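Structure data follow from run-v7.txt (compact mmCIF, C-alpha atoms):
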```
# COMPACT_ATOMS: atom_id res chain seq x y z
CA MET A 1 -33.74 28.96 -34.00
CA ASN A 2 -30.60 26.86 -33.79
CA ALA A 3 -31.50 23.39 -35.02
CA LYS A 4 -29.02 21.86 -32.60
CA LEU A 5 -31.12 23.12 -29.69
CA GLU A 6 -34.22 21.23 -30.87
CA THR A 7 -32.88 17.69 -30.78
CA GLY A 8 -33.80 16.60 -27.24
CA ALA A 9 -30.19 16.52 -26.04
CA THR A 10 -31.20 15.83 -22.46
CA THR A 11 -32.94 12.56 -23.30
CA ARG A 12 -31.34 11.18 -26.45
CA PRO A 13 -29.68 7.74 -26.20
CA VAL A 14 -25.89 7.75 -25.71
CA THR A 15 -23.31 4.98 -25.52
CA ARG A 16 -19.58 4.59 -25.03
CA GLN A 17 -19.28 5.17 -28.79
CA THR A 18 -20.63 8.68 -28.25
CA PHE A 19 -17.43 9.52 -26.39
CA ASP A 20 -15.36 8.61 -29.43
CA ASP A 21 -17.68 10.62 -31.67
CA VAL A 22 -17.90 13.95 -29.84
CA LEU A 23 -15.38 14.29 -27.00
CA VAL A 24 -11.79 15.44 -27.32
CA PRO A 25 -9.82 12.19 -27.02
CA THR A 26 -7.77 13.05 -23.92
CA TYR A 27 -8.97 9.88 -22.18
CA ALA A 28 -9.66 6.28 -23.12
CA PRO A 29 -12.51 5.37 -20.74
CA ALA A 30 -13.75 1.87 -20.01
CA ALA A 31 -16.23 0.23 -22.35
CA MET A 32 -19.01 0.31 -19.77
CA VAL A 33 -20.87 3.51 -18.89
CA PRO A 34 -21.90 3.90 -15.21
CA VAL A 35 -25.40 5.23 -14.68
CA ARG A 36 -26.18 4.73 -10.97
CA ALA A 37 -24.23 4.30 -7.76
CA ALA A 38 -24.61 4.20 -3.99
CA GLY A 39 -21.83 3.74 -1.48
CA LEU A 40 -19.30 1.45 -3.14
CA ASP A 41 -21.88 -0.14 -5.44
CA LEU A 42 -22.19 0.93 -9.06
CA TRP A 43 -24.31 -0.17 -12.04
CA ASP A 44 -23.72 0.36 -15.75
CA GLN A 45 -26.11 0.92 -18.65
CA ASN A 46 -26.76 -2.82 -18.89
CA GLY A 47 -27.58 -3.19 -15.21
CA LYS A 48 -24.30 -4.94 -14.38
CA HIS A 49 -23.11 -4.42 -10.81
CA TYR A 50 -19.57 -3.38 -9.85
CA LEU A 51 -17.74 -3.01 -6.55
CA ASP A 52 -15.94 0.32 -6.81
CA PHE A 53 -12.46 0.33 -5.25
CA THR A 54 -11.43 3.50 -7.11
CA SER A 55 -13.71 6.12 -5.48
CA GLY A 56 -13.17 8.24 -8.57
CA ILE A 57 -9.37 8.22 -8.03
CA ALA A 58 -9.48 8.79 -4.26
CA VAL A 59 -12.30 11.32 -4.53
CA SER A 60 -15.62 9.86 -3.32
CA SER A 61 -14.31 8.93 0.11
CA LEU A 62 -17.77 8.89 1.68
CA GLY A 63 -19.14 6.81 -1.17
CA HIS A 64 -21.40 7.60 -4.08
CA CYS A 65 -24.56 9.59 -3.34
CA ASN A 66 -23.79 9.82 0.36
CA PRO A 67 -27.14 10.65 2.06
CA THR A 68 -25.67 13.30 4.37
CA LEU A 69 -24.05 15.12 1.47
CA VAL A 70 -27.13 14.78 -0.74
CA ALA A 71 -29.28 16.37 1.97
CA ALA A 72 -26.82 19.21 2.60
CA LEU A 73 -26.39 19.99 -1.09
CA THR A 74 -30.14 19.83 -1.74
CA ALA A 75 -30.77 22.34 1.03
CA GLN A 76 -28.13 24.72 -0.35
CA LEU A 77 -29.54 24.37 -3.87
CA ASN A 78 -32.67 26.08 -2.62
CA ASN A 79 -30.73 29.02 -1.18
CA VAL A 80 -27.90 30.33 -3.39
CA TRP A 81 -25.81 28.63 -6.08
CA HIS A 82 -23.17 31.13 -7.10
CA LEU A 83 -21.89 34.60 -6.29
CA GLY A 84 -19.17 36.60 -7.97
CA ASN A 85 -15.95 37.10 -6.06
CA GLY A 86 -17.10 40.59 -5.05
CA TYR A 87 -19.11 38.74 -2.38
CA THR A 88 -18.52 36.01 0.15
CA ASN A 89 -20.99 33.46 1.50
CA GLU A 90 -21.76 31.62 4.72
CA PRO A 91 -20.77 28.07 3.65
CA VAL A 92 -17.27 29.11 2.54
CA LEU A 93 -16.70 31.08 5.73
CA ARG A 94 -17.67 28.06 7.81
CA LEU A 95 -15.44 25.81 5.69
CA ALA A 96 -12.45 28.13 6.07
CA LEU A 97 -12.94 28.19 9.85
CA ALA A 98 -13.22 24.40 9.97
CA LEU A 99 -10.05 23.82 7.92
CA THR A 100 -7.92 26.35 9.76
CA GLU A 101 -9.09 25.06 13.13
CA ALA A 102 -8.25 21.47 12.10
CA THR A 103 -4.79 22.15 10.60
CA PHE A 104 -1.62 24.23 11.00
CA ALA A 105 -3.05 26.91 8.71
CA ASP A 106 -4.36 30.39 9.46
CA ARG A 107 -5.73 31.11 6.00
CA ALA A 108 -7.50 29.27 3.19
CA PHE A 109 -7.87 29.95 -0.53
CA PHE A 110 -10.54 28.00 -2.41
CA CYS A 111 -10.56 26.98 -6.05
CA ASN A 112 -11.89 24.16 -8.23
CA SER A 113 -9.27 21.41 -8.44
CA GLY A 114 -5.97 20.07 -7.20
CA ALA A 115 -4.14 21.53 -10.19
CA GLU A 116 -5.55 24.95 -9.45
CA ALA A 117 -4.67 24.61 -5.76
CA ASN A 118 -1.08 23.73 -6.68
CA GLU A 119 -0.94 26.53 -9.24
CA GLY A 120 -1.96 28.95 -6.52
CA ALA A 121 0.55 27.51 -4.05
CA LEU A 122 3.43 27.81 -6.51
CA LYS A 123 2.48 31.34 -7.52
CA LEU A 124 2.22 32.34 -3.87
CA ALA A 125 5.62 30.84 -3.11
CA ARG A 126 7.26 32.83 -5.90
CA LYS A 127 5.42 36.00 -4.91
CA TYR A 128 6.51 35.57 -1.29
CA ALA A 129 10.15 34.94 -2.25
CA HIS A 130 10.33 37.79 -4.77
CA THR A 131 8.89 40.25 -2.26
CA LYS A 132 10.94 39.10 0.72
CA PHE A 133 14.25 38.18 -0.91
CA GLY A 134 14.25 39.47 -4.49
CA PRO A 135 13.65 38.03 -7.99
CA HIS A 136 16.77 35.83 -7.87
CA LYS A 137 14.95 33.48 -5.46
CA SER A 138 12.62 31.79 -7.94
CA ARG A 139 13.76 28.19 -8.44
CA ILE A 140 11.28 25.40 -7.63
CA ILE A 141 12.35 21.91 -6.55
CA SER A 142 10.06 18.95 -7.19
CA CYS A 143 10.51 15.18 -7.31
CA LEU A 144 10.90 12.78 -10.18
CA SER A 145 7.74 10.74 -10.80
CA SER A 146 5.64 13.33 -8.97
CA PHE A 147 2.27 14.57 -10.18
CA HIS A 148 0.87 18.02 -9.37
CA GLY A 149 -1.75 18.72 -12.04
CA ARG A 150 -2.30 19.35 -15.74
CA THR A 151 -1.91 23.10 -16.15
CA LEU A 152 1.26 24.06 -17.99
CA PHE A 153 2.88 25.25 -14.76
CA THR A 154 1.90 22.25 -12.63
CA VAL A 155 2.66 19.66 -15.31
CA SER A 156 6.12 21.23 -15.63
CA VAL A 157 6.61 20.99 -11.88
CA GLY A 158 5.45 17.39 -11.96
CA GLY A 159 8.31 14.99 -12.53
CA GLN A 160 6.92 12.92 -15.40
CA PRO A 161 8.20 14.01 -18.85
CA LYS A 162 5.45 12.08 -20.64
CA TYR A 163 2.99 14.78 -19.55
CA THR A 164 5.06 17.68 -20.93
CA GLU A 165 6.01 16.27 -24.34
CA GLY A 166 4.80 18.54 -27.13
CA PHE A 167 3.94 21.46 -24.85
CA GLU A 168 7.33 23.15 -24.92
CA PRO A 169 8.63 25.74 -24.16
CA LEU A 170 7.93 25.01 -20.52
CA PRO A 171 8.10 27.34 -17.52
CA GLN A 172 11.67 27.73 -16.33
CA GLU A 173 13.56 27.52 -13.03
CA ILE A 174 12.12 24.08 -12.13
CA ASP A 175 14.37 21.19 -11.14
CA HIS A 176 13.55 17.59 -10.23
CA ILE A 177 15.27 15.32 -7.72
CA PRO A 178 14.77 11.65 -6.78
CA TYR A 179 12.07 11.02 -4.19
CA ASN A 180 13.24 9.97 -0.72
CA ASP A 181 16.85 10.89 -1.55
CA ILE A 182 18.20 13.19 1.19
CA ALA A 183 21.60 13.65 -0.44
CA ALA A 184 19.99 14.80 -3.70
CA ALA A 185 17.80 17.24 -1.77
CA ARG A 186 20.81 18.72 0.00
CA ALA A 187 22.62 19.17 -3.29
CA ALA A 188 19.64 20.82 -5.00
CA ILE A 189 18.12 23.14 -2.40
CA GLY A 190 20.15 26.34 -2.34
CA ASP A 191 19.55 30.01 -1.58
CA ASP A 192 17.93 30.60 -4.99
CA VAL A 193 15.10 28.13 -4.25
CA CYS A 194 11.72 29.67 -3.45
CA ALA A 195 9.79 26.44 -2.92
CA VAL A 196 10.07 22.70 -2.52
CA ILE A 197 6.88 20.84 -3.43
CA VAL A 198 6.42 17.21 -2.44
CA GLU A 199 3.71 14.61 -2.04
CA PRO A 200 3.85 12.95 1.41
CA ILE A 201 2.88 9.83 -0.55
CA GLN A 202 3.49 9.73 -4.28
CA GLY A 203 0.22 8.59 -5.83
CA GLU A 204 0.50 8.62 -9.61
CA GLY A 205 4.19 7.84 -9.25
CA GLY A 206 3.49 4.37 -7.88
CA VAL A 207 1.96 4.80 -4.38
CA ILE A 208 5.31 5.34 -2.64
CA PRO A 209 5.23 6.62 0.96
CA GLY A 210 7.54 9.46 1.84
CA ASP A 211 10.21 8.52 4.35
CA PRO A 212 9.67 10.66 7.49
CA ALA A 213 13.43 11.30 7.65
CA TYR A 214 13.35 12.59 4.07
CA LEU A 215 10.40 14.90 4.72
CA LYS A 216 12.10 16.20 7.89
CA ALA A 217 15.26 16.86 5.90
CA LEU A 218 13.24 18.88 3.38
CA ARG A 219 11.78 20.90 6.24
CA GLU A 220 15.24 21.61 7.66
CA LEU A 221 16.66 22.57 4.26
CA CYS A 222 13.76 24.94 3.60
CA ASP A 223 14.26 26.55 7.00
CA GLN A 224 17.96 27.01 6.28
CA THR A 225 17.49 28.57 2.84
CA GLY A 226 14.26 30.51 3.34
CA ALA A 227 12.36 28.35 0.85
CA LEU A 228 8.74 27.40 1.44
CA LEU A 229 7.79 23.74 1.87
CA ILE A 230 4.63 22.82 -0.02
CA PHE A 231 2.86 19.55 0.70
CA ASP A 232 0.65 18.37 -2.15
CA GLU A 233 -2.05 16.44 -0.30
CA VAL A 234 -4.54 16.41 -3.15
CA GLN A 235 -4.62 12.60 -3.08
CA SER A 236 -3.37 11.81 0.43
CA GLY A 237 -5.56 14.30 2.28
CA VAL A 238 -8.97 14.31 3.94
CA GLY A 239 -8.68 11.02 5.80
CA ARG A 240 -7.17 8.89 3.05
CA THR A 241 -4.19 7.80 5.18
CA GLY A 242 -6.09 7.51 8.45
CA ALA A 243 -5.15 11.04 9.51
CA LEU A 244 -7.05 14.11 8.35
CA TYR A 245 -3.90 15.04 6.39
CA ALA A 246 -0.84 12.83 5.99
CA TYR A 247 1.54 15.47 7.36
CA MET A 248 -0.05 14.92 10.77
CA ASP A 249 1.47 11.43 10.97
CA LYS A 250 4.81 12.43 9.44
CA GLY A 251 6.01 14.81 12.13
CA VAL A 252 6.56 17.56 9.55
CA THR A 253 4.48 20.71 9.09
CA PRO A 254 4.54 22.42 5.68
CA ASP A 255 4.26 26.14 4.96
CA ILE A 256 1.57 25.56 2.34
CA LEU A 257 -0.73 22.57 1.88
CA THR A 258 -2.95 21.81 -1.10
CA SER A 259 -6.13 19.76 -0.92
CA ALA A 260 -8.84 18.71 -3.38
CA LYS A 261 -10.24 15.35 -4.55
CA ALA A 262 -11.90 13.92 -1.41
CA LEU A 263 -12.57 17.38 0.00
CA GLY A 264 -15.66 17.59 -2.21
CA ASN A 265 -16.48 13.86 -2.50
CA GLY A 266 -16.94 14.39 -6.22
CA TYR A 267 -18.14 17.99 -6.19
CA PRO A 268 -15.28 20.06 -7.66
CA ILE A 269 -13.35 21.99 -5.03
CA GLY A 270 -9.73 22.67 -4.18
CA ALA A 271 -8.09 24.43 -1.27
CA MET A 272 -4.73 26.00 -0.52
CA LEU A 273 -3.92 26.36 3.17
CA THR A 274 -1.14 28.53 4.60
CA THR A 275 -0.09 30.88 7.38
CA ASN A 276 -0.92 34.53 8.01
CA GLU A 277 2.59 35.68 7.12
CA ILE A 278 2.68 33.91 3.77
CA ALA A 279 -0.95 34.64 2.84
CA ALA A 280 -0.33 38.37 3.25
CA HIS A 281 1.66 38.29 -0.01
CA PHE A 282 -1.50 37.49 -1.98
CA GLY A 283 -3.14 40.88 -1.81
CA VAL A 284 -6.37 41.99 -3.47
CA GLY A 285 -6.22 41.28 -7.20
CA SER A 286 -3.00 39.23 -7.10
CA HIS A 287 -4.79 35.91 -7.67
CA GLY A 288 -8.34 34.70 -8.20
CA THR A 289 -10.83 32.22 -9.60
CA THR A 290 -14.41 32.52 -10.77
CA TYR A 291 -15.91 29.50 -9.02
CA GLY A 292 -13.59 29.16 -6.02
CA GLY A 293 -15.52 29.24 -2.76
CA ASN A 294 -18.77 28.45 -4.53
CA PRO A 295 -21.47 27.95 -1.84
CA LEU A 296 -22.53 24.59 -3.27
CA ALA A 297 -19.00 23.19 -3.24
CA ALA A 298 -18.28 24.69 0.17
CA THR A 299 -21.43 23.15 1.63
CA VAL A 300 -20.45 19.68 0.44
CA ALA A 301 -16.85 20.08 1.64
CA LEU A 302 -17.91 21.30 5.06
CA ASN A 303 -20.04 18.21 5.56
CA VAL A 304 -17.28 15.95 4.25
CA LEU A 305 -14.85 17.46 6.73
CA ASP A 306 -17.31 17.22 9.60
CA THR A 307 -17.91 13.53 8.88
CA ILE A 308 -14.31 12.43 8.31
CA ASN A 309 -12.51 14.49 10.95
CA GLN A 310 -13.74 12.35 13.83
CA PRO A 311 -11.49 10.05 15.90
CA ALA A 312 -13.76 7.01 15.45
CA PHE A 313 -14.02 7.52 11.68
CA LEU A 314 -10.26 7.88 11.21
CA ALA A 315 -9.62 4.87 13.47
CA ARG A 316 -11.88 2.78 11.23
CA VAL A 317 -9.89 3.87 8.16
CA LYS A 318 -6.75 2.48 9.76
CA GLN A 319 -8.57 -0.72 10.72
CA ALA A 320 -9.82 -1.19 7.15
CA SER A 321 -6.31 -0.48 5.89
CA GLU A 322 -4.85 -3.25 8.06
CA LYS A 323 -7.36 -5.73 6.66
CA ILE A 324 -6.67 -4.82 3.03
CA PHE A 325 -2.91 -4.94 3.59
CA ALA A 326 -3.26 -8.39 5.18
CA ASN A 327 -5.35 -9.64 2.25
CA LEU A 328 -2.93 -8.23 -0.33
CA ARG A 329 0.13 -9.67 1.42
CA LYS A 330 -1.55 -13.08 1.31
CA LEU A 331 -2.47 -12.51 -2.35
CA ALA A 332 1.13 -11.62 -3.23
CA ALA A 333 2.39 -14.69 -1.36
CA ASP A 334 -0.06 -16.93 -3.23
CA TYR A 335 0.78 -15.38 -6.63
CA PRO A 336 4.49 -14.46 -6.46
CA GLN A 337 4.74 -14.67 -10.23
CA VAL A 338 2.17 -11.86 -10.51
CA PHE A 339 2.65 -9.49 -7.56
CA GLY A 340 5.39 -7.90 -5.49
CA GLU A 341 5.31 -6.34 -2.03
CA VAL A 342 2.29 -4.20 -1.15
CA ARG A 343 2.93 -0.59 -0.09
CA GLY A 344 1.07 2.59 0.75
CA SER A 345 -0.67 4.17 3.70
CA GLY A 346 -4.24 4.02 4.98
CA LEU A 347 -6.55 3.36 2.06
CA LEU A 348 -4.13 4.57 -0.60
CA ILE A 349 -2.45 1.30 -1.50
CA GLY A 350 -0.23 0.09 -4.32
CA LEU A 351 0.42 -3.51 -5.34
CA PRO A 352 3.39 -3.69 -7.74
CA VAL A 353 3.43 -6.43 -10.34
CA ALA A 354 6.24 -8.98 -10.44
CA GLU A 355 8.75 -9.16 -13.29
CA PRO A 356 6.72 -11.57 -15.51
CA PHE A 357 3.83 -9.06 -15.44
CA LYS A 358 5.83 -5.85 -15.93
CA GLY A 359 3.80 -3.34 -17.90
CA ARG A 360 0.57 -5.30 -17.39
CA ALA A 361 -1.08 -3.59 -14.43
CA LYS A 362 -3.84 -2.37 -16.74
CA ASP A 363 -4.47 -5.92 -17.95
CA ILE A 364 -5.07 -6.96 -14.36
CA THR A 365 -7.52 -4.14 -13.67
CA LYS A 366 -9.39 -4.90 -16.90
CA ALA A 367 -9.70 -8.56 -15.92
CA ALA A 368 -11.01 -7.53 -12.50
CA GLU A 369 -13.48 -5.08 -14.04
CA ALA A 370 -14.87 -7.81 -16.28
CA LEU A 371 -15.75 -9.72 -13.08
CA GLY A 372 -17.24 -6.67 -11.38
CA LEU A 373 -14.36 -5.03 -9.48
CA MET A 374 -13.17 -1.54 -10.35
CA LEU A 375 -9.48 -0.85 -9.61
CA LEU A 376 -6.88 1.74 -10.58
CA ILE A 377 -3.32 1.70 -11.82
CA ALA A 378 -0.38 3.91 -10.80
CA GLY A 379 1.84 3.75 -13.85
CA THR A 380 2.10 0.54 -15.86
CA ASP A 381 3.49 -1.62 -13.06
CA VAL A 382 1.30 -0.93 -10.01
CA VAL A 383 -2.32 -1.84 -9.26
CA ARG A 384 -3.76 0.91 -7.06
CA PHE A 385 -6.50 0.53 -4.45
CA ALA A 386 -8.36 3.63 -3.24
CA PRO A 387 -11.79 2.52 -2.00
CA ALA A 388 -14.18 4.85 -0.25
CA LEU A 389 -13.22 5.28 3.40
CA ILE A 390 -16.55 3.73 4.40
CA VAL A 391 -15.56 0.34 2.92
CA THR A 392 -16.73 -2.62 5.00
CA ASP A 393 -14.86 -5.79 5.92
CA GLU A 394 -17.29 -7.73 3.75
CA GLN A 395 -16.52 -5.53 0.73
CA ILE A 396 -12.79 -5.91 1.35
CA ASP A 397 -13.16 -9.70 1.29
CA GLU A 398 -15.36 -9.54 -1.82
CA ALA A 399 -12.72 -7.48 -3.63
CA ASP A 400 -10.11 -10.05 -2.66
CA ARG A 401 -12.26 -12.88 -4.01
CA ILE A 402 -12.88 -11.12 -7.34
CA LEU A 403 -9.25 -10.13 -7.81
CA ARG A 404 -8.11 -13.69 -7.17
CA ALA A 405 -10.62 -14.96 -9.73
CA ALA A 406 -9.38 -12.38 -12.24
CA VAL A 407 -5.76 -13.42 -11.74
CA ASP A 408 -6.68 -17.10 -12.03
CA GLY A 409 -8.44 -16.31 -15.28
CA MET A 410 -5.39 -14.57 -16.67
CA LEU A 411 -3.03 -17.36 -15.65
CA ASN A 412 -5.29 -20.05 -17.08
CA ALA A 413 -5.88 -18.25 -20.37
CA ALA A 414 -4.17 -19.66 -23.43
CA PRO A 415 -1.01 -17.71 -24.41
CA ALA A 416 -1.61 -15.10 -27.06
CA LYS A 417 -0.47 -16.15 -30.55
```
In structure tokens, write the structure found in this file.
Amino acid sequence: MNAKLETGATTRPVTRQTFDDVLVPTYAPAAMVPVRAAGLDLWDQNGKHYLDFTSGIAVSSLGHCNPTLVAALTAQLNNVWHLGNGYTNEPVLRLALALTEATFADRAFFCNSGAEANEGALKLARKYAHTKFGPHKSRIISCLSSFHGRTLFTVSVGGQPKYTEGFEPLPQEIDHIPYNDIAAARAAIGDDVCAVIVEPIQGEGGVIPGDPAYLKALRELCDQTGALLIFDEVQSGVGRTGALYAYMDKGVTPDILTSAKALGNGYPIGAMLTTNEIAAHFGVGSHGTTYGGNPLAATVALNVLDTINQPAFLARVKQASEKIFANLRKLAADYPQVFGEVRGSGLLIGLPVAEPFKGRAKDITKAAEALGLMLLIAGTDVVRFAPALIVTDEQIDEADRILRAAVDGMLNAAPAK
């Protein structure tokens, strides 16, 4: 017998130190370890309560342990968990119908993450271009400061060099242009371009909304050159902006759309949506994934979609957004030495720091966490807010109160020696 299997691994005590001892150090997680959550409420190992305005980086949009999702997943657990890709299943068929009926798309491909969805989208775009136009049409255009995943292909397409350092040689025929710069797009998008990939709102790049005129220009340039327009809606999709997908409020329809994060409310799933004509270039055996379309993930996603894609629900997201924006504008006006002008869309919101606090966004989120409010950053200079879409007015006001107390604490602290 393997001695390691006789140590009671399922019940042994663990702490934050255990992470440093046994996990590959690709992250530097908070000192506290969450153990229980419901809605936007979360408790750590010591019983301390937190108000979660991160939703797992825009993932748990219906809140932690949502009762509807728990019931749906529990029911599916008693039916079938997994099937090889030689079979399909009822939940994934229903999910594909729901997504295609709700969007521009005719076809769906399911996978496990946003990175995998983007990987599939980029592979499909090259396959489509090579088949239709020839191998010379292979260049991909992306934006500086973009983020599209952590595979070698998607991290190369992403416009942040810090994520590619040390992983060279990188995939070729990928160029980056400034976001929201129409002139740069016109200069870059030529007949050799197979795809332009863009976030309707840059999330990791600082929560920067895409200018509708810029997105329309990308659409026109793709139409002129035969390139495919890919919208990465991994973070902006599934109700986050107050529309089911952000493209619906931008007046621009992509050729391919990628979705993940909130689609599974924490259960891993990704989706790539496209048209019949484009999907036909992914024939049998040309692409695949072991767990994509898993009946458990598809069951959760179907119920997420059914809950969020309702006029009243999406209207409430916009109402909550207006309240948070109003609170943050007042906060920035009261603390001009700390914060700049709030930006974002729906419940994906960025609050840049002012010059005296450049590089200290993480310090602000740590101070807030110490008082019981969980926040995100988007780079070193932006505090990011991405609460569950079910956030209440009372929780919005409580977050404002805690953040103000955290900032007061930082301003009143003695200068470091």
Spatial neighbours of region 243-255 of chain A, 7 Å, all atoms listed in the file, chain gap at least 3 places, as an MDAnalysis selection string: chainID A and resid 200 212 215:216 228:231 236:239 274:275 309 314
Could the residues in this selection be saved with C-alpha atoms as a CSV table (one decimal), keeping the file's coordinate frame?
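Printed below is result-v6.csv as written:
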```
chain,number,residue,atom,x,y,z
A,200,PRO,CA,3.8,13.0,1.4
A,212,PRO,CA,9.7,10.7,7.5
A,215,LEU,CA,10.4,14.9,4.7
A,216,LYS,CA,12.1,16.2,7.9
A,228,LEU,CA,8.7,27.4,1.4
A,229,LEU,CA,7.8,23.7,1.9
A,230,ILE,CA,4.6,22.8,0.0
A,231,PHE,CA,2.9,19.6,0.7
A,236,SER,CA,-3.4,11.8,0.4
A,237,GLY,CA,-5.6,14.3,2.3
A,238,VAL,CA,-9.0,14.3,3.9
A,239,GLY,CA,-8.7,11.0,5.8
A,274,THR,CA,-1.1,28.5,4.6
A,275,THR,CA,-0.1,30.9,7.4
A,309,ASN,CA,-12.5,14.5,11.0
A,314,LEU,CA,-10.3,7.9,11.2
```
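Between CA of Ala262 (chain A) and CA of Thr241 (chain A) the separation is 11.8 Å.
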Spatial neighbours of region 128-139 of chain A, max dist 12 Å, only C-alpha atoms, sep filter under 2 positions, as an MDAnalysis selection string: chainID A and resid 120:126 141:142 157 171:176 188:197 225:228 255:256 274:283 286
Write out as a PDB file with C-alpha atoms, in the frame of the given file which residues come within 9 Å of Ala320 (chain A) when counting all atoms listed in the file, dropping same-chain ones fewer than 3 positions away.
```pdb
ATOM      1  CA  ALA A 315      -9.620   4.870  13.470  1.00  0.00           C
ATOM      2  CA  ARG A 316     -11.880   2.780  11.230  1.00  0.00           C
ATOM      3  CA  VAL A 317      -9.890   3.870   8.160  1.00  0.00           C
ATOM      4  CA  LYS A 323      -7.360  -5.730   6.660  1.00  0.00           C
ATOM      5  CA  ILE A 324      -6.670  -4.820   3.030  1.00  0.00           C
ATOM      6  CA  PHE A 325      -2.910  -4.940   3.590  1.00  0.00           C
ATOM      7  CA  GLY A 346      -4.240   4.020   4.980  1.00  0.00           C
ATOM      8  CA  LEU A 347      -6.550   3.360   2.060  1.00  0.00           C
ATOM      9  CA  LEU A 389     -13.220   5.280   3.400  1.00  0.00           C
ATOM     10  CA  ILE A 390     -16.550   3.730   4.400  1.00  0.00           C
ATOM     11  CA  VAL A 391     -15.560   0.340   2.920  1.00  0.00           C
ATOM     12  CA  THR A 392     -16.730  -2.620   5.000  1.00  0.00           C
ATOM     13  CA  ASP A 393     -14.860  -5.790   5.920  1.00  0.00           C
ATOM     14  CA  ILE A 396     -12.790  -5.910   1.350  1.00  0.00           C
TER      15      ILE A 396
END
```
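When all atoms listed in the file are used to measure the gap to Asp381 (chain A), the shortest distance among A:Arg401, A:Arg329, A:Arg107, A:Lys358 belongs to A:Lys358.
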Would you pick out the contacts of Lys48 (chain A) at 10 Å or less, using only C-alpha atoms, so that residues sharing its chain but fewer than 3 positions from it are not included, and give the list as a PyMOL selection string? chain A and resi 32+34+42-45+371-372
Fix up region 393-397 of chain A with all heavy atoms, then write it as a PDB file, in the coordinates of the input.
```pdb
ATOM      1  N   ASP A 393     -15.684  -4.578   5.959  1.00  0.00           N
ATOM      2  CA  ASP A 393     -14.860  -5.790   5.920  1.00  0.00           C
ATOM      3  C   ASP A 393     -15.377  -6.755   4.863  1.00  0.00           C
ATOM      4  O   ASP A 393     -14.592  -7.431   4.185  1.00  0.00           O
ATOM      5  CB  ASP A 393     -14.856  -6.471   7.288  1.00  0.00           C
ATOM      6  CG  ASP A 393     -14.020  -5.717   8.307  1.00  0.00           C
ATOM      7  OD1 ASP A 393     -13.341  -4.742   7.932  1.00  0.00           O
ATOM      8  OD2 ASP A 393     -14.053  -6.107   9.496  1.00  0.00           O
ATOM      9  N   GLU A 394     -16.694  -6.829   4.733  1.00  0.00           N
ATOM     10  CA  GLU A 394     -17.290  -7.730   3.750  1.00  0.00           C
ATOM     11  C   GLU A 394     -16.913  -7.315   2.324  1.00  0.00           C
ATOM     12  O   GLU A 394     -16.629  -8.158   1.463  1.00  0.00           O
ATOM     13  CB  GLU A 394     -18.814  -7.759   3.907  1.00  0.00           C
ATOM     14  CG  GLU A 394     -19.316  -8.415   5.183  1.00  0.00           C
ATOM     15  CD  GLU A 394     -19.131  -7.555   6.426  1.00  0.00           C
ATOM     16  OE1 GLU A 394     -18.942  -6.306   6.276  1.00  0.00           O
ATOM     17  OE2 GLU A 394     -19.155  -8.114   7.559  1.00  0.00           O
ATOM     18  N   GLN A 395     -16.902  -6.016   2.062  1.00  0.00           N
ATOM     19  CA  GLN A 395     -16.520  -5.530   0.730  1.00  0.00           C
ATOM     20  C   GLN A 395     -15.025  -5.756   0.474  1.00  0.00           C
ATOM     21  O   GLN A 395     -14.629  -6.054  -0.653  1.00  0.00           O
ATOM     22  CB  GLN A 395     -16.872  -4.049   0.610  1.00  0.00           C
ATOM     23  CG  GLN A 395     -18.373  -3.805   0.517  1.00  0.00           C
ATOM     24  CD  GLN A 395     -18.752  -2.345   0.663  1.00  0.00           C
ATOM     25  OE1 GLN A 395     -18.108  -1.591   1.396  1.00  0.00           O
ATOM     26  NE2 GLN A 395     -19.804  -1.928  -0.022  1.00  0.00           N
ATOM     27  N   ILE A 396     -14.215  -5.638   1.495  1.00  0.00           N
ATOM     28  CA  ILE A 396     -12.790  -5.910   1.350  1.00  0.00           C
ATOM     29  C   ILE A 396     -12.568  -7.372   0.957  1.00  0.00           C
ATOM     30  O   ILE A 396     -11.768  -7.687   0.064  1.00  0.00           O
ATOM     31  CB  ILE A 396     -12.041  -5.562   2.647  1.00  0.00           C
ATOM     32  CG1 ILE A 396     -12.055  -4.045   2.869  1.00  0.00           C
ATOM     33  CG2 ILE A 396     -10.607  -6.088   2.614  1.00  0.00           C
ATOM     34  CD1 ILE A 396     -11.552  -3.600   4.223  1.00  0.00           C
ATOM     35  N   ASP A 397     -13.297  -8.280   1.610  1.00  0.00           N
ATOM     36  CA  ASP A 397     -13.160  -9.700   1.290  1.00  0.00           C
ATOM     37  C   ASP A 397     -13.722 -10.017  -0.097  1.00  0.00           C
ATOM     38  O   ASP A 397     -13.179 -10.861  -0.819  1.00  0.00           O
ATOM     39  CB  ASP A 397     -13.865 -10.548   2.344  1.00  0.00           C
ATOM     40  CG  ASP A 397     -13.097 -10.603   3.653  1.00  0.00           C
ATOM     41  OD1 ASP A 397     -11.870 -10.368   3.629  1.00  0.00           O
ATOM     42  OD2 ASP A 397     -13.716 -10.861   4.698  1.00  0.00           O
TER      43      ASP A 397
END
```
